[in-house]
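File shown: structure-v4.cif (mmCIF, C-alpha atoms, pLDDT in the B column; chains and numbers go by the auth columns).
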```
data_query
#
loop_
_atom_site.group_PDB
_atom_site.id
_atom_site.type_symbol
_atom_site.label_atom_id
_atom_site.label_comp_id
_atom_site.label_asym_id
_atom_site.label_seq_id
_atom_site.Cartn_x
_atom_site.Cartn_y
_atom_site.Cartn_z
_atom_site.B_iso_or_equiv
_atom_site.auth_seq_id
_atom_site.auth_asym_id
ATOM 1 C CA MET A 1 -62.386 -77.485 -5.009 48.00 1 A
ATOM 2 C CA PHE A 2 -63.067 -74.524 -2.766 56.00 2 A
ATOM 3 C CA SER A 3 -65.806 -72.055 -3.491 70.00 3 A
ATOM 4 C CA PHE A 4 -64.917 -68.522 -4.492 64.00 4 A
ATOM 5 C CA SER A 5 -65.661 -67.121 -1.038 72.00 5 A
ATOM 6 C CA GLN A 6 -63.433 -69.739 0.613 76.00 6 A
ATOM 7 C CA GLN A 7 -60.607 -69.046 -1.818 71.00 7 A
ATOM 8 C CA LEU A 8 -60.983 -65.315 -1.275 69.00 8 A
ATOM 9 C CA SER A 9 -61.038 -65.841 2.487 78.00 9 A
ATOM 10 C CA HIS A 10 -57.848 -67.919 2.382 78.00 10 A
ATOM 11 C CA ALA A 11 -56.102 -65.376 0.158 72.00 11 A
ATOM 12 C CA GLY A 12 -57.242 -62.515 2.420 75.00 12 A
ATOM 13 C CA LYS A 13 -56.014 -64.387 5.477 82.00 13 A
ATOM 14 C CA ALA A 14 -52.636 -64.941 3.810 78.00 14 A
ATOM 15 C CA ALA A 15 -52.439 -61.227 2.965 76.00 15 A
ATOM 16 C CA LEU A 16 -53.272 -60.294 6.574 82.00 16 A
ATOM 17 C CA GLU A 17 -50.669 -62.719 7.917 84.00 17 A
ATOM 18 C CA ALA A 18 -48.103 -61.195 5.556 80.00 18 A
ATOM 19 C CA GLN A 19 -48.952 -57.714 6.859 82.00 19 A
ATOM 20 C CA LEU A 20 -48.621 -58.877 10.460 87.00 20 A
ATOM 21 C CA ALA A 21 -45.248 -60.473 9.664 86.00 21 A
ATOM 22 C CA SER A 22 -44.193 -57.214 8.037 84.00 22 A
ATOM 23 C CA ALA A 23 -45.201 -55.195 11.085 88.00 23 A
ATOM 24 C CA GLU A 24 -43.341 -57.663 13.311 91.00 24 A
ATOM 25 C CA ALA A 25 -40.204 -57.370 11.174 88.00 25 A
ATOM 26 C CA PHE A 26 -40.310 -53.561 11.295 89.00 26 A
ATOM 27 C CA ALA A 27 -40.944 -53.607 15.049 92.00 27 A
ATOM 28 C CA GLY A 28 -37.982 -55.950 15.546 92.00 28 A
ATOM 29 C CA ALA A 29 -35.731 -53.704 13.482 90.00 29 A
ATOM 30 C CA ALA A 30 -36.910 -50.642 15.423 92.00 30 A
ATOM 31 C CA PHE A 31 -36.321 -52.401 18.744 94.00 31 A
ATOM 32 C CA ASP A 32 -32.812 -53.467 17.728 92.00 32 A
ATOM 33 C CA SER A 33 -32.003 -49.925 16.605 92.00 33 A
ATOM 34 C CA GLY A 34 -33.352 -48.548 19.875 93.00 34 A
ATOM 35 C CA VAL A 35 -31.217 -50.956 21.879 94.00 35 A
ATOM 36 C CA THR A 36 -28.059 -49.861 20.069 94.00 36 A
ATOM 37 C CA VAL A 37 -28.906 -46.180 20.639 94.00 37 A
ATOM 38 C CA ILE A 38 -29.480 -46.830 24.341 95.00 38 A
ATOM 39 C CA GLU A 39 -26.156 -48.692 24.569 95.00 39 A
ATOM 40 C CA LEU A 40 -24.402 -45.774 22.871 94.00 40 A
ATOM 41 C CA ASN A 41 -25.973 -43.301 25.298 94.00 41 A
ATOM 42 C CA VAL A 42 -25.090 -45.426 28.347 96.00 42 A
ATOM 43 C CA ASP A 43 -21.489 -45.619 27.161 95.00 43 A
ATOM 44 C CA ALA A 44 -21.459 -41.856 26.574 93.00 44 A
ATOM 45 C CA VAL A 45 -22.740 -41.210 30.102 94.00 45 A
ATOM 46 C CA LYS A 46 -20.128 -43.557 31.611 95.00 46 A
ATOM 47 C CA THR A 47 -17.388 -41.843 29.642 93.00 47 A
ATOM 48 C CA ALA A 48 -18.650 -38.393 30.612 92.00 48 A
ATOM 49 C CA LEU A 49 -18.767 -39.311 34.312 94.00 49 A
ATOM 50 C CA ALA A 50 -15.258 -40.751 34.184 93.00 50 A
ATOM 51 C CA ALA A 51 -13.993 -37.666 32.363 92.00 51 A
ATOM 52 C CA ALA A 52 -15.694 -35.383 34.878 92.00 52 A
ATOM 53 C CA THR A 53 -14.029 -37.233 37.736 93.00 53 A
ATOM 54 C CA VAL A 54 -10.623 -36.905 36.108 91.00 54 A
ATOM 55 C CA ALA A 55 -11.231 -33.236 35.306 90.00 55 A
ATOM 56 C CA THR A 56 -12.325 -32.502 38.863 89.00 56 A
ATOM 57 C CA ARG A 57 -9.188 -34.120 40.285 90.00 57 A
ATOM 58 C CA GLN A 58 -6.971 -32.201 37.878 88.00 58 A
ATOM 59 C CA LEU A 59 -8.645 -28.884 38.654 86.00 59 A
ATOM 60 C CA MET A 60 -8.423 -29.535 42.406 87.00 60 A
ATOM 61 C CA ASP A 61 -4.677 -30.133 42.128 88.00 61 A
ATOM 62 C CA VAL A 62 -3.836 -26.841 40.382 88.00 62 A
ATOM 63 C CA LYS A 63 -1.789 -24.292 42.256 89.00 63 A
ATOM 64 C CA THR A 64 -1.826 -21.256 39.964 90.00 64 A
ATOM 65 C CA PRO A 65 -4.386 -19.608 37.690 89.00 65 A
ATOM 66 C CA GLN A 66 -2.272 -20.458 34.627 91.00 66 A
ATOM 67 C CA GLU A 67 -2.373 -24.165 35.523 90.00 67 A
ATOM 68 C CA TRP A 68 -6.122 -23.924 36.016 88.00 68 A
ATOM 69 C CA PHE A 69 -6.643 -22.335 32.568 90.00 69 A
ATOM 70 C CA SER A 70 -4.332 -24.884 30.995 91.00 70 A
ATOM 71 C CA ALA A 71 -6.195 -27.807 32.617 89.00 71 A
ATOM 72 C CA ALA A 72 -9.574 -26.310 31.684 89.00 72 A
ATOM 73 C CA ALA A 73 -8.487 -25.887 28.046 92.00 73 A
ATOM 74 C CA LYS A 74 -7.224 -29.476 27.956 92.00 74 A
ATOM 75 C CA GLN A 75 -10.497 -30.777 29.415 90.00 75 A
ATOM 76 C CA SER A 76 -12.506 -28.692 26.937 91.00 76 A
ATOM 77 C CA GLN A 77 -10.512 -30.159 24.058 94.00 77 A
ATOM 78 C CA LEU A 78 -11.109 -33.677 25.380 92.00 78 A
ATOM 79 C CA ALA A 79 -14.842 -32.933 25.733 92.00 79 A
ATOM 80 C CA LEU A 80 -14.998 -31.746 22.113 94.00 80 A
ATOM 81 C CA GLU A 81 -13.238 -34.909 20.952 94.00 81 A
ATOM 82 C CA ARG A 82 -15.713 -37.059 22.945 93.00 82 A
ATOM 83 C CA ALA A 83 -18.635 -35.154 21.411 93.00 83 A
ATOM 84 C CA ALA A 84 -17.232 -35.643 17.902 95.00 84 A
ATOM 85 C CA SER A 85 -16.720 -39.339 18.600 94.00 85 A
ATOM 86 C CA TYR A 86 -20.303 -39.616 19.874 94.00 86 A
ATOM 87 C CA GLY A 87 -21.558 -37.895 16.715 94.00 87 A
ATOM 88 C CA ARG A 88 -19.621 -40.317 14.481 95.00 88 A
ATOM 89 C CA GLN A 89 -20.953 -43.318 16.377 94.00 89 A
ATOM 90 C CA ALA A 90 -24.520 -41.979 16.241 94.00 90 A
ATOM 91 C CA SER A 91 -24.129 -41.403 12.510 94.00 91 A
ATOM 92 C CA GLU A 92 -22.927 -44.975 12.001 95.00 92 A
ATOM 93 C CA LEU A 93 -25.873 -46.268 14.036 93.00 93 A
ATOM 94 C CA ALA A 94 -28.292 -44.224 11.936 93.00 94 A
ATOM 95 C CA LYS A 95 -26.758 -45.560 8.719 94.00 95 A
ATOM 96 C CA GLY A 96 -26.984 -49.108 10.041 92.00 96 A
ATOM 97 C CA ALA A 97 -30.606 -48.619 11.081 91.00 97 A
ATOM 98 C CA GLN A 98 -31.425 -47.166 7.675 92.00 98 A
ATOM 99 C CA ALA A 99 -29.826 -50.159 5.959 91.00 99 A
ATOM 100 C CA THR A 100 -31.747 -52.537 8.220 90.00 100 A
ATOM 101 C CA PHE A 101 -35.072 -50.802 7.574 89.00 101 A
ATOM 102 C CA SER A 102 -34.351 -50.682 3.859 89.00 102 A
ATOM 103 C CA GLY A 103 -33.623 -54.409 3.786 88.00 103 A
ATOM 104 C CA VAL A 104 -36.756 -55.221 5.780 87.00 104 A
ATOM 105 C CA ALA A 105 -38.835 -52.979 3.514 85.00 105 A
ATOM 106 C CA ARG A 106 -37.430 -54.620 0.390 86.00 106 A
ATOM 107 C CA THR A 107 -38.157 -58.101 1.747 86.00 107 A
ATOM 108 C CA GLU A 108 -41.634 -57.184 2.938 82.00 108 A
ATOM 109 C CA MET A 109 -42.540 -55.481 -0.347 81.00 109 A
ATOM 110 C CA ALA A 110 -41.581 -58.640 -2.238 81.00 110 A
ATOM 111 C CA SER A 111 -43.665 -60.710 0.165 79.00 111 A
ATOM 112 C CA ALA A 112 -46.629 -58.339 -0.126 75.00 112 A
ATOM 113 C CA LYS A 113 -46.361 -58.414 -3.917 79.00 113 A
ATOM 114 C CA GLU A 114 -46.546 -62.204 -3.870 78.00 114 A
ATOM 115 C CA SER A 115 -49.488 -62.159 -1.451 74.00 115 A
ATOM 116 C CA VAL A 116 -51.440 -59.618 -3.495 73.00 116 A
ATOM 117 C CA GLY A 117 -50.567 -61.551 -6.653 76.00 117 A
ATOM 118 C CA ALA A 118 -52.078 -64.677 -5.137 72.00 118 A
ATOM 119 C CA LEU A 119 -55.219 -62.746 -4.212 70.00 119 A
ATOM 120 C CA VAL A 120 -55.472 -61.331 -7.739 72.00 120 A
ATOM 121 C CA ASP A 121 -55.002 -64.824 -9.201 74.00 121 A
ATOM 122 C CA VAL A 122 -57.882 -66.137 -7.096 71.00 122 A
ATOM 123 C CA VAL A 123 -60.139 -63.340 -8.277 67.00 123 A
ATOM 124 C CA LYS A 124 -58.934 -63.660 -11.872 70.00 124 A
ATOM 125 C CA ASN A 125 -59.458 -67.429 -11.989 70.00 125 A
ATOM 126 C CA THR A 126 -63.008 -67.219 -10.667 65.00 126 A
ATOM 127 C CA ALA A 127 -64.029 -64.016 -12.381 56.00 127 A
ATOM 128 C CA SER A 128 -66.853 -65.575 -14.412 63.00 128 A
ATOM 129 C CA VAL A 129 -68.630 -66.683 -11.230 57.00 129 A
ATOM 130 C CA VAL A 130 -68.637 -63.141 -9.935 58.00 130 A
ATOM 131 C CA ALA A 131 -68.644 -61.186 -13.192 59.00 131 A
ATOM 132 C CA THR A 132 -71.806 -62.662 -14.702 64.00 132 A
ATOM 133 C CA PRO A 133 -74.210 -61.414 -11.999 66.00 133 A
ATOM 134 C CA ILE A 134 -72.404 -58.073 -11.788 61.00 134 A
ATOM 135 C CA ASN A 135 -72.465 -57.626 -15.568 60.00 135 A
ATOM 136 C CA SER A 136 -76.166 -58.439 -15.772 67.00 136 A
ATOM 137 C CA PHE A 137 -76.913 -56.044 -12.896 65.00 137 A
ATOM 138 C CA VAL A 138 -74.947 -53.216 -14.506 61.00 138 A
ATOM 139 C CA LYS A 139 -76.478 -53.927 -17.917 66.00 139 A
ATOM 140 C CA THR A 140 -79.975 -53.891 -16.457 72.00 140 A
ATOM 141 C CA ALA A 141 -79.308 -50.631 -14.647 65.00 141 A
ATOM 142 C CA PHE A 142 -77.908 -48.927 -17.741 63.00 142 A
ATOM 143 C CA ASP A 143 -80.631 -50.326 -20.002 69.00 143 A
ATOM 144 C CA GLY A 144 -83.216 -48.919 -17.597 65.00 144 A
ATOM 145 C CA ALA A 145 -81.465 -45.542 -17.544 58.00 145 A
ATOM 146 C CA HIS A 146 -81.319 -45.405 -21.346 58.00 146 A
ATOM 147 C CA ALA A 147 -84.956 -46.403 -21.663 64.00 147 A
ATOM 148 C CA GLY A 148 -85.948 -43.700 -19.171 60.00 148 A
ATOM 149 C CA TYR A 149 -83.934 -41.102 -21.061 53.00 149 A
ATOM 150 C CA ASP A 150 -85.454 -42.132 -24.398 58.00 150 A
ATOM 151 C CA LYS A 151 -88.939 -42.036 -22.912 63.00 151 A
ATOM 152 C CA ASN A 152 -88.445 -38.630 -21.261 58.00 152 A
ATOM 153 C CA ALA A 153 -86.627 -36.902 -24.096 52.00 153 A
ATOM 154 C CA ARG A 154 -87.909 -33.412 -24.800 50.00 154 A
ATOM 155 C CA PRO A 155 -90.501 -33.207 -27.533 52.00 155 A
ATOM 156 C CA GLY A 156 -89.136 -31.993 -30.808 53.00 156 A
ATOM 157 C CA GLN A 157 -85.717 -33.452 -30.146 52.00 157 A
ATOM 158 C CA ALA A 158 -84.764 -36.588 -31.894 51.00 158 A
ATOM 159 C CA VAL A 159 -83.003 -39.138 -29.780 48.00 159 A
ATOM 160 C CA ALA A 160 -79.922 -40.385 -31.509 50.00 160 A
ATOM 161 C CA ALA A 161 -79.648 -44.138 -31.695 48.00 161 A
ATOM 162 C CA GLU A 162 -75.965 -43.909 -32.498 48.00 162 A
ATOM 163 C CA PRO A 163 -73.351 -41.293 -31.640 50.00 163 A
ATOM 164 C CA PHE A 164 -72.622 -38.565 -34.126 49.00 164 A
ATOM 165 C CA ALA A 165 -69.715 -39.119 -36.441 51.00 165 A
ATOM 166 C CA LEU A 166 -67.339 -36.203 -36.890 54.00 166 A
ATOM 167 C CA ASP A 167 -65.358 -35.352 -39.990 58.00 167 A
ATOM 168 C CA ALA A 168 -61.689 -34.269 -39.967 57.00 168 A
ATOM 169 C CA ALA A 169 -62.634 -30.639 -39.174 56.00 169 A
ATOM 170 C CA GLY A 170 -64.685 -31.729 -36.145 54.00 170 A
ATOM 171 C CA ALA A 171 -68.049 -30.945 -37.731 55.00 171 A
ATOM 172 C CA PRO A 172 -70.900 -33.493 -37.715 55.00 172 A
ATOM 173 C CA ALA A 173 -70.618 -35.815 -40.684 56.00 173 A
ATOM 174 C CA GLN A 174 -73.734 -36.402 -42.762 54.00 174 A
#
```

Represent the supplied structure as structure tokens.
Amino acid sequence: MFSFSQQLSHAGKAALEAQLASAEAFAGAAFDSGVTVIELNVDAVKTALAAATVATRQLMDVKTPQEWFSAAAKQSQLALERAASYGRQASELAKGAQATFSGVARTEMASAKESVGALVDVVKNTASVVATPINSFVKTAFDGAHAGYDKNARPGQAVAAEPFALDAAGAPAQ
């Protein structure tokens, strides 16, 4: 059987490994979300460049001011539609990233709960080994404090051995 310090060390190591795995899972989710955002932006830039090329050709081919205004209005409408489409795609990516992070958080919280539970079980199962010296230390310290208080009590004041009892009205009972 392992000693208490070895058991505590193993449980602490398991808790640390669980935290590192959690950080790795969150970093992976963040990286994946970043990749999808970059892909969306690259696609948006490609689309914008293609649209600008088409718009430039159309505006170069106009003969009258009315045609120019008509082509400009059409290109503006197309630009607004592309912007709305980009916004919808970005919203879907954000929702997907939120779902991914939520799932990772749920999984990691369950893992952390198990790891902390194991650590608590180790401490709980070996509590008498640790508790006895701590209890005697605390008892000695408080006994010394009480003895010092009793010894240094002001003259003319009786030191109560037991706490005062109070009646229903809150007055000292006799």

Take every atom of range 109-121 of chain A listed in the file, pad by 5 Å on each side, and give me the axis-aligned box centre and edge lengths in Å, one decimal, as lines of an AutoDock Vina configuration file.
```
center_x = -48.5
center_y = -60.2
center_z = -4.5
size_x = 23.9
size_y = 19.3
size_z = 19.4
```

Residue contacts of Gln58 in chain A (9 Å, all atoms listed in the file) excluding same-chain residues fewer than 3 positions away, as an MDAnalysis selection string: chainID A and resid 53:55 61:62 68 71:72

Could you tell me which residues the PyMOL selection byres ((chain A and resi 11-20) around 10) grabs in this file, written as a PDB file with C-alpha atoms, keeping the file's coordinate frame?
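Wrote expr.pdb, looks like this:
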```
ATOM      1  CA  SER A   5     -65.661 -67.121  -1.038  1.00 72.00           C
ATOM      2  CA  GLN A   6     -63.433 -69.739   0.613  1.00 76.00           C
ATOM      3  CA  GLN A   7     -60.607 -69.046  -1.818  1.00 71.00           C
ATOM      4  CA  LEU A   8     -60.983 -65.315  -1.275  1.00 69.00           C
ATOM      5  CA  SER A   9     -61.038 -65.841   2.487  1.00 78.00           C
ATOM      6  CA  HIS A  10     -57.848 -67.919   2.382  1.00 78.00           C
ATOM      7  CA  ALA A  21     -45.248 -60.473   9.664  1.00 86.00           C
ATOM      8  CA  SER A  22     -44.193 -57.214   8.037  1.00 84.00           C
ATOM      9  CA  ALA A  23     -45.201 -55.195  11.085  1.00 88.00           C
ATOM     10  CA  GLU A  24     -43.341 -57.663  13.311  1.00 91.00           C
ATOM     11  CA  ALA A  25     -40.204 -57.370  11.174  1.00 88.00           C
ATOM     12  CA  PHE A  26     -40.310 -53.561  11.295  1.00 89.00           C
ATOM     13  CA  GLU A 108     -41.634 -57.184   2.938  1.00 82.00           C
ATOM     14  CA  MET A 109     -42.540 -55.481  -0.347  1.00 81.00           C
ATOM     15  CA  SER A 111     -43.665 -60.710   0.165  1.00 79.00           C
ATOM     16  CA  ALA A 112     -46.629 -58.339  -0.126  1.00 75.00           C
ATOM     17  CA  LYS A 113     -46.361 -58.414  -3.917  1.00 79.00           C
ATOM     18  CA  GLU A 114     -46.546 -62.204  -3.870  1.00 78.00           C
ATOM     19  CA  SER A 115     -49.488 -62.159  -1.451  1.00 74.00           C
ATOM     20  CA  VAL A 116     -51.440 -59.618  -3.495  1.00 73.00           C
ATOM     21  CA  GLY A 117     -50.567 -61.551  -6.653  1.00 76.00           C
ATOM     22  CA  ALA A 118     -52.078 -64.677  -5.137  1.00 72.00           C
ATOM     23  CA  LEU A 119     -55.219 -62.746  -4.212  1.00 70.00           C
ATOM     24  CA  VAL A 120     -55.472 -61.331  -7.739  1.00 72.00           C
ATOM     25  CA  ASP A 121     -55.002 -64.824  -9.201  1.00 74.00           C
ATOM     26  CA  VAL A 122     -57.882 -66.137  -7.096  1.00 71.00           C
ATOM     27  CA  VAL A 123     -60.139 -63.340  -8.277  1.00 67.00           C
TER      28      VAL A 123
END
```

Point-to-point distance in Å for CA of Arg88 in chain A and CA of Gln75 in chain A: 19.9 Å

Picked residues, the PyMOL selection byres ((chain A and resi 44-52) around 10), as a PyMOL selection string: chain A and resi 38-43+53-58+75+78-79+82-83+85-86

Separation of CA of Ala29 in chain A from CA of Ser91 in chain A, in Å and rounded to one decimal: 16.9 Å

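Relative to CA of Arg106 in chain A, CA of Val37 in chain A is found at 23.5 Å.
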
Selected residue, from A:Ser3, A:Ala27, A:Gln66, A:Gly34, that lies nearest to Leu93 in chain A when counting all atoms listed in the file: A:Gly34

Can you list, as a CSV table (one decimal) with C-alpha atoms, in the coordinates of the input, the residues that the PyMOL selection byres ((chain A and resi 101) around 10) selects here?
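The new file out-v3.csv reads:
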```csv
chain,number,residue,atom,x,y,z
A,25,ALA,CA,-40.2,-57.4,11.2
A,26,PHE,CA,-40.3,-53.6,11.3
A,27,ALA,CA,-40.9,-53.6,15.0
A,28,GLY,CA,-38.0,-56.0,15.5
A,29,ALA,CA,-35.7,-53.7,13.5
A,30,ALA,CA,-36.9,-50.6,15.4
A,33,SER,CA,-32.0,-49.9,16.6
A,95,LYS,CA,-26.8,-45.6,8.7
A,96,GLY,CA,-27.0,-49.1,10.0
A,97,ALA,CA,-30.6,-48.6,11.1
A,98,GLN,CA,-31.4,-47.2,7.7
A,99,ALA,CA,-29.8,-50.2,6.0
A,100,THR,CA,-31.7,-52.5,8.2
A,102,SER,CA,-34.4,-50.7,3.9
A,103,GLY,CA,-33.6,-54.4,3.8
A,104,VAL,CA,-36.8,-55.2,5.8
A,105,ALA,CA,-38.8,-53.0,3.5
A,106,ARG,CA,-37.4,-54.6,0.4
A,107,THR,CA,-38.2,-58.1,1.7
```
